[in-house]
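input.csv follows; it contains CSV, C-alpha atoms.
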```csv
chain,number,residue,atom,x,y,z
A,1,MET,CA,2.9,2.4,-36.3
A,2,THR,CA,4.5,-0.7,-34.8
A,3,GLU,CA,3.9,-2.5,-31.6
A,4,SER,CA,7.3,-1.7,-30.3
A,5,GLN,CA,6.6,2.0,-30.7
A,6,VAL,CA,3.6,1.5,-28.5
A,7,TRP,CA,5.6,-0.5,-25.9
A,8,ASP,CA,8.2,2.3,-25.9
A,9,ALA,CA,5.4,4.9,-25.3
A,10,LEU,CA,3.9,2.8,-22.5
A,11,ALA,CA,7.3,2.4,-20.9
A,12,GLU,CA,7.4,6.1,-20.3
A,13,ILE,CA,4.1,6.2,-18.3
A,14,PRO,CA,4.8,6.4,-14.6
A,15,ASP,CA,2.8,4.4,-12.1
A,16,PRO,CA,0.4,7.1,-10.6
A,17,GLU,CA,1.3,6.2,-7.0
A,18,ILE,CA,4.9,5.0,-7.3
A,19,PRO,CA,6.1,7.2,-10.2
A,20,VAL,CA,9.7,5.7,-10.1
A,21,VAL,CA,8.4,2.7,-12.0
A,22,SER,CA,6.6,2.6,-15.3
A,23,LEU,CA,3.5,0.6,-16.2
A,24,VAL,CA,5.8,-1.7,-18.3
A,25,ASP,CA,8.1,-2.1,-15.3
A,26,LEU,CA,5.1,-3.2,-13.2
A,27,GLY,CA,4.2,-5.8,-15.8
A,28,VAL,CA,0.6,-4.7,-16.0
A,29,VAL,CA,0.6,-4.5,-19.8
A,30,ARG,CA,0.0,-8.0,-21.0
A,31,ASP,CA,-0.4,-7.5,-24.7
A,32,VAL,CA,-0.3,-4.9,-27.4
A,33,ALA,CA,-1.7,-5.3,-30.9
A,34,VAL,CA,-1.8,-2.8,-33.7
A,35,GLU,CA,-4.4,-3.2,-36.4
A,36,ASP,CA,-5.8,-0.7,-38.9
A,37,GLY,CA,-5.1,2.4,-36.9
A,38,THR,CA,-6.4,0.9,-33.6
A,39,VAL,CA,-4.1,0.0,-30.8
A,40,ARG,CA,-5.5,-2.7,-28.5
A,41,ILE,CA,-3.9,-2.9,-25.1
A,42,ASP,CA,-4.6,-5.8,-22.7
A,43,PHE,CA,-4.1,-4.5,-19.2
A,44,THR,CA,-4.2,-6.5,-15.9
A,45,PRO,CA,-4.8,-4.5,-12.7
A,46,THR,CA,-2.4,-5.0,-9.9
A,47,PHE,CA,-4.6,-5.1,-6.8
A,48,LEU,CA,-8.3,-4.9,-7.5
A,49,GLY,CA,-8.7,-2.2,-4.8
A,50,CYS,CA,-6.0,0.0,-6.4
A,51,PRO,CA,-7.4,3.5,-6.9
A,52,ALA,CA,-4.9,4.1,-9.7
A,53,LEU,CA,-6.5,1.7,-12.1
A,54,GLU,CA,-8.7,4.3,-13.9
A,55,VAL,CA,-5.8,6.7,-14.1
A,56,MET,CA,-3.6,4.1,-15.7
A,57,ARG,CA,-6.2,3.1,-18.2
A,58,ASP,CA,-6.9,6.7,-19.2
A,59,VAL,CA,-3.2,7.7,-19.5
A,60,MET,CA,-2.5,4.7,-21.7
A,61,ALA,CA,-5.5,5.7,-24.0
A,62,GLU,CA,-4.3,9.3,-24.1
A,63,ARG,CA,-0.7,8.2,-25.0
A,64,VAL,CA,-2.0,6.1,-27.9
A,65,ARG,CA,-4.1,9.0,-29.2
A,66,ALA,CA,-1.0,11.2,-29.1
A,67,LEU,CA,0.6,8.6,-31.3
A,68,GLY,CA,-2.2,9.2,-33.8
A,69,ALA,CA,-4.1,5.9,-33.2
A,70,GLU,CA,-7.4,4.9,-31.7
A,71,PRO,CA,-7.0,3.2,-28.3
A,72,ASP,CA,-8.8,0.1,-27.2
A,73,VAL,CA,-7.7,-0.5,-23.6
A,74,ARG,CA,-9.1,-3.8,-22.3
A,75,VAL,CA,-9.0,-4.5,-18.6
A,76,VAL,CA,-8.4,-8.2,-18.1
A,77,LEU,CA,-9.8,-9.4,-14.8
A,78,ASP,CA,-8.0,-12.7,-14.6
A,79,ASP,CA,-5.3,-14.2,-12.4
A,80,SER,CA,-2.4,-13.5,-14.8
A,81,TRP,CA,-0.7,-10.7,-12.9
A,82,SER,CA,1.4,-11.3,-9.8
A,83,THR,CA,4.2,-9.4,-8.2
A,84,ASP,CA,6.5,-11.8,-10.0
A,85,LYS,CA,5.6,-9.8,-13.2
A,86,ILE,CA,7.5,-6.8,-12.0
A,87,THR,CA,10.6,-6.6,-14.2
A,88,PRO,CA,14.1,-6.9,-12.7
A,89,GLY,CA,14.6,-3.3,-13.8
A,90,GLY,CA,11.4,-2.3,-12.0
A,91,ARG,CA,12.5,-4.1,-8.8
A,92,GLU,CA,15.8,-2.2,-8.8
A,93,LYS,CA,14.0,1.1,-9.3
A,94,LEU,CA,11.7,0.3,-6.4
A,95,ARG,CA,14.7,-0.5,-4.1
A,96,THR,CA,16.6,2.6,-5.0
A,97,SER,CA,13.6,4.7,-4.0
A,98,GLY,CA,13.1,3.1,-0.6
A,99,PHE,CA,10.5,0.4,-1.4
A,100,ALA,CA,11.6,-3.1,-0.7
A,101,PRO,CA,10.6,-5.2,-3.7
A,102,PRO,CA,8.2,-8.1,-3.2
A,103,ALA,CA,9.6,-11.5,-2.3
A,104,PRO,CA,9.3,-14.0,-5.1
A,105,ARG,CA,6.1,-16.0,-5.1
A,106,SER,CA,8.1,-19.2,-5.6
A,107,ALA,CA,9.3,-18.8,-2.0
A,108,GLY,CA,5.8,-20.0,-0.9
A,109,THR,CA,2.4,-19.7,-2.5
A,110,THR,CA,0.8,-18.7,0.8
A,111,THR,CA,2.4,-16.1,3.0
A,112,SER,CA,2.3,-16.8,6.7
A,113,LEU,CA,2.8,-14.4,9.6
A,114,VAL,CA,5.8,-16.4,10.7
A,115,GLN,CA,7.4,-15.7,7.4
A,116,LEU,CA,6.6,-12.0,7.4
A,117,ASN,CA,7.9,-11.7,11.0
A,118,SER,CA,11.1,-13.5,10.0
A,119,SER,CA,14.3,-11.7,9.0
A,120,ALA,CA,14.2,-12.5,5.4
A,121,PHE,CA,13.3,-9.0,4.3
A,122,ARG,CA,16.1,-6.6,3.4
A,123,CYS,CA,16.0,-2.9,4.3
A,124,PRO,CA,16.2,-0.9,1.0
A,125,TYR,CA,18.3,1.8,2.8
A,126,CYS,CA,21.1,-0.1,4.5
A,127,GLY,CA,20.7,-3.6,3.3
A,128,SER,CA,20.3,-5.2,6.7
A,129,THR,CA,17.9,-8.1,7.1
A,130,ASP,CA,17.3,-7.2,10.8
A,131,THR,CA,13.9,-5.9,10.0
A,132,LYS,CA,10.4,-6.5,11.4
A,133,LEU,CA,6.8,-6.2,10.3
A,134,GLU,CA,5.1,-3.2,11.6
A,135,ASN,CA,1.8,-3.4,9.8
A,136,LEU,CA,0.6,-5.9,7.2
A,137,PHE,CA,-1.2,-2.9,5.6
A,138,GLY,CA,0.2,0.4,4.3
A,139,PRO,CA,-0.8,3.5,2.5
A,140,THR,CA,-1.9,1.6,-0.6
A,141,PRO,CA,-3.3,-2.0,-1.0
A,142,CYS,CA,0.0,-3.2,-2.4
A,143,ARG,CA,2.3,-2.2,0.5
A,144,SER,CA,3.1,-3.3,4.0
A,145,VAL,CA,5.1,-1.3,6.5
A,146,ARG,CA,8.3,-2.7,8.0
A,147,TYR,CA,11.0,-1.3,10.3
A,148,CYS,CA,14.7,-1.7,10.1
A,149,ASN,CA,16.4,-2.3,13.5
A,150,ALA,CA,19.8,-1.7,12.0
A,151,CYS,CA,19.3,1.8,10.6
A,152,ARG,CA,16.1,2.6,12.5
A,153,GLN,CA,14.3,3.5,9.4
A,154,PRO,CA,10.7,2.5,8.6
A,155,PHE,CA,10.2,1.4,5.0
A,156,GLU,CA,7.5,0.1,2.8
A,157,GLN,CA,7.5,-3.5,1.5
A,158,PHE,CA,5.7,-4.5,-1.6
A,159,LYS,CA,3.3,-7.3,-0.7
A,160,THR,CA,3.8,-10.6,-2.5
A,161,VAL,CA,0.7,-11.6,-4.3
B,1,MET,CA,-30.9,-12.9,-13.3
B,2,SER,CA,-29.1,-16.2,-14.0
B,3,GLU,CA,-27.8,-18.4,-11.2
B,4,LYS,CA,-24.2,-17.4,-12.1
B,5,VAL,CA,-25.0,-13.6,-12.1
B,6,GLN,CA,-26.9,-14.0,-8.8
B,7,LYS,CA,-23.9,-15.6,-7.1
B,8,ILE,CA,-21.6,-12.9,-8.4
B,9,VAL,CA,-23.9,-10.1,-7.2
B,10,GLU,CA,-24.3,-11.8,-3.7
B,11,ILE,CA,-20.5,-11.7,-3.2
B,12,ALA,CA,-20.2,-8.2,-4.7
B,13,ASP,CA,-22.9,-6.9,-2.3
B,14,ASP,CA,-21.2,-8.5,0.7
B,15,GLU,CA,-17.9,-7.0,-0.2
B,16,LEU,CA,-19.4,-3.5,-0.9
B,17,ILE,CA,-21.4,-3.4,2.3
B,18,LEU,CA,-18.7,-4.8,4.5
B,19,GLY,CA,-16.1,-2.5,2.9
B,20,TRP,CA,-18.3,0.4,3.9
B,21,ARG,CA,-18.6,-0.9,7.4
B,22,ASP,CA,-14.9,-1.5,7.7
B,23,SER,CA,-14.3,2.1,6.5
B,24,GLU,CA,-16.3,3.3,9.5
B,25,TRP,CA,-13.1,2.6,11.5
B,26,THR,CA,-11.1,5.1,9.5
B,27,GLY,CA,-9.8,7.7,11.9
B,28,ILE,CA,-11.1,6.1,15.1
B,29,ALA,CA,-9.7,2.6,15.3
B,30,PRO,CA,-8.0,1.6,18.6
B,31,SER,CA,-4.5,2.1,17.2
B,32,LEU,CA,-3.0,3.8,14.2
B,33,GLU,CA,-2.0,0.4,12.7
B,34,GLU,CA,-5.6,-0.7,12.9
B,35,ASP,CA,-6.8,2.5,11.4
B,36,VAL,CA,-4.6,1.9,8.4
B,37,ALA,CA,-5.4,-1.9,8.3
B,38,PHE,CA,-9.2,-1.4,8.3
B,39,SER,CA,-9.1,1.4,5.8
B,40,SER,CA,-6.9,-0.7,3.5
B,41,ILE,CA,-9.1,-3.8,3.9
B,42,ALA,CA,-12.1,-1.6,3.1
B,43,GLN,CA,-10.5,-0.3,0.0
B,44,ASN,CA,-9.7,-3.7,-1.1
B,45,GLU,CA,-13.1,-5.2,-0.5
B,46,ILE,CA,-14.8,-2.4,-2.4
B,47,GLY,CA,-12.3,-3.0,-5.2
B,48,HIS,CA,-13.4,-6.6,-5.3
B,49,ALA,CA,-17.0,-5.5,-5.4
B,50,ARG,CA,-16.3,-3.3,-8.3
B,51,ALA,CA,-14.6,-6.1,-10.3
B,52,LEU,CA,-17.5,-8.4,-9.6
B,53,TYR,CA,-20.2,-5.8,-10.4
B,54,GLU,CA,-18.4,-5.2,-13.7
B,55,LEU,CA,-18.6,-8.8,-14.6
B,56,ALA,CA,-22.3,-9.0,-13.6
B,57,ALA,CA,-23.1,-5.7,-15.3
B,58,ARG,CA,-21.9,-7.0,-18.6
B,59,GLU,CA,-24.3,-9.9,-18.5
B,60,LEU,CA,-27.2,-7.7,-17.3
B,61,GLY,CA,-26.5,-4.9,-19.9
B,62,THR,CA,-25.9,-2.2,-17.3
B,63,ASP,CA,-22.8,-0.8,-15.5
B,64,ALA,CA,-21.1,-1.4,-12.2
B,65,ASP,CA,-22.1,1.9,-10.6
B,66,THR,CA,-25.8,1.4,-11.4
B,67,LEU,CA,-25.7,-2.1,-9.8
B,68,ALA,CA,-23.8,-0.8,-6.8
B,69,PHE,CA,-25.8,2.3,-6.1
B,70,ASP,CA,-29.2,2.4,-7.8
B,71,ARG,CA,-31.0,-0.5,-6.4
B,72,ASP,CA,-33.7,-0.4,-3.7
B,73,PRO,CA,-32.5,-1.8,-0.4
B,74,GLY,CA,-34.7,-4.9,-0.9
B,75,GLU,CA,-32.9,-5.8,-4.1
B,76,TYR,CA,-29.5,-6.1,-2.5
B,77,LEU,CA,-28.4,-9.7,-2.0
B,78,SER,CA,-26.0,-9.1,0.9
B,79,ALA,CA,-26.0,-11.3,3.9
B,80,PRO,CA,-27.2,-9.6,7.1
B,81,LEU,CA,-23.9,-10.3,8.9
B,82,VAL,CA,-22.1,-7.6,6.9
B,83,GLU,CA,-24.9,-5.1,7.3
B,84,GLU,CA,-24.7,-4.4,11.0
B,85,ARG,CA,-23.3,-1.0,11.9
B,86,ARG,CA,-19.9,-0.7,13.3
B,87,MET,CA,-19.8,-2.6,16.5
B,88,ASP,CA,-17.4,-2.7,19.5
B,89,TRP,CA,-13.9,-4.1,18.8
B,90,ALA,CA,-14.6,-7.6,20.0
B,91,HIS,CA,-17.6,-7.9,17.6
B,92,THR,CA,-15.7,-6.2,14.8
B,93,ILE,CA,-12.9,-8.7,15.0
B,94,ALA,CA,-15.3,-11.6,15.4
B,95,ARG,CA,-17.2,-10.6,12.3
B,96,HIS,CA,-14.0,-10.0,10.4
B,97,PHE,CA,-12.6,-13.4,11.4
B,98,LEU,CA,-15.9,-15.2,10.6
B,99,TYR,CA,-16.4,-13.4,7.3
B,100,GLU,CA,-12.9,-14.1,6.1
B,101,THR,CA,-13.3,-17.7,6.9
B,102,ALA,CA,-16.5,-18.0,5.0
B,103,ASP,CA,-15.1,-15.9,2.1
B,104,GLU,CA,-12.1,-18.3,1.8
B,105,ILE,CA,-14.4,-21.3,1.5
B,106,ARG,CA,-16.6,-19.5,-1.0
B,107,LEU,CA,-13.7,-18.3,-3.1
B,108,ALA,CA,-12.1,-21.8,-3.1
B,109,ALA,CA,-15.3,-23.1,-4.6
B,110,LEU,CA,-15.5,-20.3,-7.1
B,111,LYS,CA,-12.0,-20.9,-8.3
B,112,ASP,CA,-13.2,-24.3,-9.5
B,113,SER,CA,-16.0,-22.7,-11.6
B,114,ASP,CA,-16.4,-23.9,-15.2
B,115,ASP,CA,-16.6,-20.3,-16.1
B,116,ALA,CA,-13.0,-19.3,-16.8
B,117,GLU,CA,-13.6,-15.6,-16.2
B,118,VAL,CA,-15.3,-16.2,-12.8
B,119,ALA,CA,-12.6,-18.7,-11.8
B,120,GLY,CA,-9.8,-16.3,-12.8
B,121,LEU,CA,-11.3,-13.4,-10.9
B,122,ALA,CA,-11.8,-15.6,-7.8
B,123,ALA,CA,-8.2,-16.6,-7.9
B,124,LYS,CA,-7.0,-13.0,-8.1
B,125,MET,CA,-9.3,-12.0,-5.2
B,126,ASP,CA,-8.2,-15.0,-3.2
B,127,ARG,CA,-4.5,-13.9,-3.4
B,128,GLU,CA,-5.3,-10.5,-2.1
B,129,GLU,CA,-7.6,-11.9,0.6
B,130,GLN,CA,-4.8,-13.9,2.2
B,131,TYR,CA,-3.7,-10.7,3.8
B,132,HIS,CA,-7.1,-10.1,5.3
B,133,ARG,CA,-7.0,-13.6,6.6
B,134,LEU,CA,-3.6,-13.2,8.2
B,135,HIS,CA,-4.8,-10.0,9.9
B,136,ALA,CA,-8.1,-11.7,11.1
B,137,ARG,CA,-6.2,-14.7,12.4
B,138,MET,CA,-3.6,-12.6,14.2
B,139,TRP,CA,-6.4,-10.9,16.1
B,140,ARG,CA,-8.3,-14.1,16.7
B,141,ASP,CA,-5.1,-15.6,18.3
B,142,ARG,CA,-4.7,-12.5,20.4
B,143,LEU,CA,-8.3,-12.3,21.7
B,144,GLN,CA,-9.3,-16.0,21.8
B,145,ASP,CA,-9.3,-16.2,25.6
B,146,GLU,CA,-11.1,-12.9,26.1
B,147,PRO,CA,-14.7,-13.5,27.2
B,148,ARG,CA,-16.1,-10.6,25.2
B,149,PHE,CA,-14.6,-12.0,22.0
B,150,VAL,CA,-15.7,-15.5,22.8
B,151,ASP,CA,-19.3,-14.2,23.4
B,152,ALA,CA,-19.2,-12.1,20.2
B,153,LEU,CA,-18.1,-15.2,18.1
B,154,GLU,CA,-20.9,-17.2,19.5
B,155,GLU,CA,-23.5,-14.4,18.9
B,156,LEU,CA,-22.4,-13.9,15.3
B,157,TRP,CA,-22.0,-17.5,14.4
B,158,PRO,CA,-25.5,-18.1,12.9
B,159,ALA,CA,-25.3,-15.0,10.8
B,160,ALA,CA,-21.8,-16.0,9.6
B,161,VAL,CA,-22.9,-19.5,8.6
B,162,ALA,CA,-25.7,-17.8,6.6
B,163,VAL,CA,-23.1,-16.0,4.4
B,164,LEU,CA,-22.5,-19.4,2.7
B,165,PRO,CA,-24.8,-21.4,0.5
B,166,GLU,CA,-26.0,-24.5,2.2
B,167,GLU,CA,-23.7,-26.9,0.5
B,168,LEU,CA,-20.6,-25.1,1.8
B,169,ARG,CA,-21.7,-24.7,5.4
B,170,PRO,CA,-20.4,-28.1,6.7
B,171,GLN,CA,-16.9,-26.9,5.7
B,172,MET,CA,-17.3,-23.8,7.8
B,173,SER,CA,-18.4,-25.9,10.8
B,174,GLU,CA,-15.5,-28.3,10.4
B,175,ARG,CA,-13.0,-25.5,10.0
B,176,LEU,CA,-14.0,-23.7,13.2
B,177,GLN,CA,-15.1,-26.8,15.1
B,178,LEU,CA,-18.5,-25.3,15.8
B,179,ASP,CA,-21.8,-27.0,15.3
B,180,LEU,CA,-24.1,-25.7,12.6
B,181,PRO,CA,-27.0,-23.7,14.0
B,182,SER,CA,-30.5,-25.0,13.7
B,183,ASN,CA,-32.9,-23.5,11.2
B,184,SER,CA,-34.7,-21.5,13.8
B,185,LEU,CA,-31.5,-19.8,14.8
B,186,LEU,CA,-30.7,-18.9,11.2
B,187,ARG,CA,-34.1,-17.1,10.8
B,188,GLY,CA,-33.5,-13.5,9.9
B,189,PHE,CA,-29.9,-14.1,8.9
B,190,GLU,CA,-30.4,-15.8,5.6
B,191,ARG,CA,-29.8,-13.9,2.4
B,192,GLY,CA,-33.0,-12.2,1.4
B,193,SER,CA,-33.5,-10.9,4.9
B,194,HIS,CA,-31.8,-7.6,5.7
B,195,SER,CA,-30.7,-5.8,8.8
B,196,GLU,CA,-32.6,-2.6,9.7
B,197,GLU,CA,-29.2,-1.0,9.3
B,198,LEU,CA,-29.0,-1.5,5.5
B,199,ARG,CA,-31.4,1.3,4.5
B,200,PRO,CA,-29.6,4.0,6.4
B,201,LEU,CA,-26.3,2.7,5.1
B,202,LEU,CA,-27.5,2.9,1.5
B,203,ASP,CA,-29.0,6.3,2.1
B,204,GLU,CA,-25.7,7.6,3.2
B,205,MET,CA,-23.6,5.8,0.6
B,206,THR,CA,-25.7,7.0,-2.3
B,207,MET,CA,-26.3,10.6,-1.1
B,208,VAL,CA,-23.9,12.3,-3.5
B,209,ARG,CA,-24.9,10.2,-6.4
B,210,ARG,CA,-28.6,10.9,-5.9
B,211,SER,CA,-28.1,14.6,-5.3
B,212,VAL,CA,-26.8,15.1,-8.9
B,213,PRO,CA,-28.1,12.2,-11.1
B,214,GLY,CA,-25.8,11.4,-14.0
B,215,ALA,CA,-22.9,13.5,-12.8
B,216,THR,CA,-19.5,12.2,-13.8
B,217,TRP,CA,-16.1,12.7,-12.1
```

Here is the file; what I need is its structure written in the form of structure tokens.
Amino acid sequence: MTESQVWDALAEIPDPEIPVVSLVDLGVVRDVAVEDGTVRIDFTPTFLGCPALEVMRDVMAERVRALGAEPDVRVVLDDSWSTDKITPGGREKLRTSGFAPPAPRSAGTTTSLVQLNSSAFRCPYCGSTDTKLENLFGPTPCRSVRYCNACRQPFEQFKTV
Amino acid sequence: MSEKVQKIVEIADDELILGWRDSEWTGIAPSLEEDVAFSSIAQNEIGHARALYELAARELGTDADTLAFDRDPGEYLSAPLVEERRMDWAHTIARHFLYETADEIRLAALKDSDDAEVAGLAAKMDREEQYHRLHARMWRDRLQDEPRFVDALEELWPAAVAVLPEELRPQMSERLQLDLPSNSLLRGFERGSHSEELRPLLDEMTMVRRSVPGATW
């Protein structure tokens, strides 16, 4: 078994809460190493409060077993994941399913309410930037809720972290 | 327990207990937005607690759930500020604002830790906490001229100062332009003391776990 086979298998695992993107799209798989029938996967959680973490870990282990290898999924609790790790393909998939992808971190390391209330966020439905913040918090830790004044559609915005 | 592990468990206990208290607003907050906000903040704080417990558990040779749920109330290292049962909205926001301020100062110090793992986790937590802080400040700005909120801030100030170790307290005082309380005012609020509300909270939180010891999900 090769590492690229493992990457391909992981790229098929949907995120448990936003199934349009895979774990590889989300950028949470940091490293894969194959050695003597064992597959080690270094995995970085998105948000620490994300209830999908265990599910992600277990599904990855299951997929590796299906490939005929012993999984060793390691949760890396460091600061290496940010929303900038979401791949360009992953961002596009988010957008087409009605989630505004996160603003890049380089736009400012700390987010301010003024920024969030500004019109820099594009509606994933109609493309207008005439949108406003409805709630910093949404249905999962990674999302905020915004409203598009142009097409009058509420939508979810991935938080930038 | 080493000094490092003790520090980690202190923060983990704060986040677990406050996360529980925040979740008491689920379903009954003054608006739907706040219902979602406090529920989400609660989930996030408990997620932080879990990550910290995992780190501590490895050093102590146990697991995160055992640390979170199987200790006697007297063994918890939480600060009394976070233990008080759900209060009125003015006090809730005052506690939220004060706690997030203290937590920001504490995390900034932890990010400079010599221990790479502790520093890395603190940095990750800090990024997520910025949304809690935005929320807390938005409410502070909205309520700052309301007498009930001003009174609540004043009432909770000593307990909020006691969240931090002594060396970080001057920063808290400077940040909020409030004088540090005298030692007599801090009595009962320092870590090691507990609110009478802690035991009922833990009884409720661990009820399912105690009812079927060793059960797995």

Handout entry: Residue nearest Gln115 of chain A - candidates A:Ser128, A:Ala33, A:Lys85, A:Thr160, atoms counted: only C-alpha atoms
Key =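 Closest to Gln115 of chain A of all the choices is A:Thr160.
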
Per-residue nearest contacts of chain B to chain A (12 Å; all atoms listed in the file) as JSON lines:
```
{"residue": "B:Glu15", "atom": "CA", "partner": "A:Gly49", "partner_atom": "CA", "distance": 11.4}
{"residue": "B:Leu16", "atom": "CA", "partner": "A:Gly49", "partner_atom": "CA", "distance": 11.5}
{"residue": "B:Gly19", "atom": "CA", "partner": "A:Gly49", "partner_atom": "CA", "distance": 10.7}
{"residue": "B:Ser31", "atom": "CA", "partner": "A:Asn135", "partner_atom": "CA", "distance": 11.2}
{"residue": "B:Leu32", "atom": "CA", "partner": "A:Asn135", "partner_atom": "CA", "distance": 9.7}
{"residue": "B:Glu33", "atom": "CA", "partner": "A:Asn135", "partner_atom": "CA", "distance": 6.1}
{"residue": "B:Glu34", "atom": "CA", "partner": "A:Asn135", "partner_atom": "CA", "distance": 8.5}
{"residue": "B:Asp35", "atom": "CA", "partner": "A:Phe137", "partner_atom": "CA", "distance": 9.7}
{"residue": "B:Val36", "atom": "CA", "partner": "A:Gly138", "partner_atom": "CA", "distance": 6.5}
{"residue": "B:Ala37", "atom": "CA", "partner": "A:Phe137", "partner_atom": "CA", "distance": 5.1}
{"residue": "B:Phe38", "atom": "CA", "partner": "A:Phe137", "partner_atom": "CA", "distance": 8.6}
{"residue": "B:Ser39", "atom": "CA", "partner": "A:Phe137", "partner_atom": "CA", "distance": 9.0}
{"residue": "B:Ser40", "atom": "CA", "partner": "A:Pro141", "partner_atom": "CA", "distance": 5.9}
{"residue": "B:Ile41", "atom": "CA", "partner": "A:Pro141", "partner_atom": "CA", "distance": 7.8}
{"residue": "B:Ala42", "atom": "CA", "partner": "A:Gly49", "partner_atom": "CA", "distance": 8.6}
{"residue": "B:Gln43", "atom": "CA", "partner": "A:Gly49", "partner_atom": "CA", "distance": 5.5}
{"residue": "B:Asn44", "atom": "CA", "partner": "A:Gly49", "partner_atom": "CA", "distance": 4.1}
{"residue": "B:Glu45", "atom": "CA", "partner": "A:Gly49", "partner_atom": "CA", "distance": 6.8}
{"residue": "B:Ile46", "atom": "CA", "partner": "A:Gly49", "partner_atom": "CA", "distance": 6.6}
{"residue": "B:Gly47", "atom": "CA", "partner": "A:Gly49", "partner_atom": "CA", "distance": 3.7}
{"residue": "B:His48", "atom": "CA", "partner": "A:Leu48", "partner_atom": "CA", "distance": 5.8}
{"residue": "B:Ala49", "atom": "CA", "partner": "A:Gly49", "partner_atom": "CA", "distance": 9.0}
{"residue": "B:Arg50", "atom": "CA", "partner": "A:Leu48", "partner_atom": "CA", "distance": 8.2}
{"residue": "B:Ala51", "atom": "CA", "partner": "A:Leu48", "partner_atom": "CA", "distance": 7.0}
{"residue": "B:Leu52", "atom": "CA", "partner": "A:Leu77", "partner_atom": "CA", "distance": 9.3}
{"residue": "B:Tyr53", "atom": "CA", "partner": "A:Leu77", "partner_atom": "CA", "distance": 11.9}
{"residue": "B:Glu54", "atom": "CA", "partner": "A:Leu77", "partner_atom": "CA", "distance": 9.6}
{"residue": "B:Leu55", "atom": "CA", "partner": "A:Leu77", "partner_atom": "CA", "distance": 8.8}
{"residue": "B:Lys111", "atom": "CA", "partner": "A:Asp79", "partner_atom": "CA", "distance": 10.3}
{"residue": "B:Asp115", "atom": "CA", "partner": "A:Asp78", "partner_atom": "CA", "distance": 11.6}
{"residue": "B:Ala116", "atom": "CA", "partner": "A:Asp78", "partner_atom": "CA", "distance": 8.6}
{"residue": "B:Glu117", "atom": "CA", "partner": "A:Asp78", "partner_atom": "CA", "distance": 6.5}
{"residue": "B:Val118", "atom": "CA", "partner": "A:Asp78", "partner_atom": "CA", "distance": 8.3}
{"residue": "B:Ala119", "atom": "CA", "partner": "A:Asp78", "partner_atom": "CA", "distance": 8.1}
{"residue": "B:Gly120", "atom": "CA", "partner": "A:Asp78", "partner_atom": "CA", "distance": 4.4}
{"residue": "B:Leu121", "atom": "CA", "partner": "A:Asp78", "partner_atom": "CA", "distance": 5.0}
{"residue": "B:Ala122", "atom": "CA", "partner": "A:Asp79", "partner_atom": "CA", "distance": 8.1}
{"residue": "B:Ala123", "atom": "CA", "partner": "A:Asp79", "partner_atom": "CA", "distance": 5.9}
{"residue": "B:Lys124", "atom": "CA", "partner": "A:Asp79", "partner_atom": "CA", "distance": 4.8}
{"residue": "B:Met125", "atom": "CA", "partner": "A:Leu48", "partner_atom": "CA", "distance": 7.5}
{"residue": "B:Asp126", "atom": "CA", "partner": "A:Val161", "partner_atom": "CA", "distance": 9.6}
{"residue": "B:Arg127", "atom": "CA", "partner": "A:Val161", "partner_atom": "CA", "distance": 5.8}
{"residue": "B:Glu128", "atom": "CA", "partner": "A:Val161", "partner_atom": "CA", "distance": 6.5}
{"residue": "B:Glu129", "atom": "CA", "partner": "A:Val161", "partner_atom": "CA", "distance": 9.6}
{"residue": "B:Gln130", "atom": "CA", "partner": "A:Thr110", "partner_atom": "CA", "distance": 7.5}
{"residue": "B:Tyr131", "atom": "CA", "partner": "A:Leu136", "partner_atom": "CA", "distance": 7.3}
{"residue": "B:His132", "atom": "CA", "partner": "A:Leu136", "partner_atom": "CA", "distance": 9.0}
{"residue": "B:Arg133", "atom": "CA", "partner": "A:Ser112", "partner_atom": "CA", "distance": 9.8}
{"residue": "B:Leu134", "atom": "CA", "partner": "A:Leu113", "partner_atom": "CA", "distance": 6.7}
{"residue": "B:His135", "atom": "CA", "partner": "A:Leu136", "partner_atom": "CA", "distance": 7.3}
{"residue": "B:Ala136", "atom": "CA", "partner": "A:Leu136", "partner_atom": "CA", "distance": 11.2}
{"residue": "B:Arg137", "atom": "CA", "partner": "A:Leu113", "partner_atom": "CA", "distance": 9.4}
{"residue": "B:Met138", "atom": "CA", "partner": "A:Leu113", "partner_atom": "CA", "distance": 8.1}
{"residue": "B:Trp139", "atom": "CA", "partner": "A:Leu113", "partner_atom": "CA", "distance": 11.8}
{"residue": "B:Asp141", "atom": "CA", "partner": "A:Leu113", "partner_atom": "CA", "distance": 11.8}
{"residue": "B:Trp217", "atom": "CA", "partner": "A:Glu54", "partner_atom": "CA", "distance": 11.3}
```

Practice task
Go ahead and find all residues with at least one atom no further than 8 Å from (7.3, -0.1, -21.7) in the file's coordinates, using only C-alpha atoms; report them as an NGL selection string.
Solution key: :A and (6-13 or 22-25)

Handout entry: Among the residues A:Cys123, A:Leu67, A:Ala100, A:Met1, the one that comes closest to Asn149 of chain A [using only C-alpha atoms]
Key =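 Nearest to Asn149 of chain A: A:Cys123.
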
Exercise for the section: For atom CA of Ala57 of chain B and atom CA of Arg63 of chain A, quote the distance in Å rounded to one decimal. Expected result: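 Atom-to-atom, atom CA of Ala57 of chain B to atom CA of Arg63 of chain A, that is 28.1 Å.
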
Practice task
Would you mind reading off the distance between atom CA of Arg106 of chain B and atom CA of Ser2 of chain B, one decimal, in Å?
Solution key: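 Atom CA of Arg106 of chain B sits 18.3 Å away from atom CA of Ser2 of chain B.
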
Exercise for the section: Would you please work out which residue, of A:Glu17, A:Thr96, A:Arg105, A:Asp36, is nearest to Val55 of chain A when using only C-alpha atoms? Expected result: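 Using only C-alpha atoms, the shortest distance to Val55 of chain A belongs to A:Glu17.
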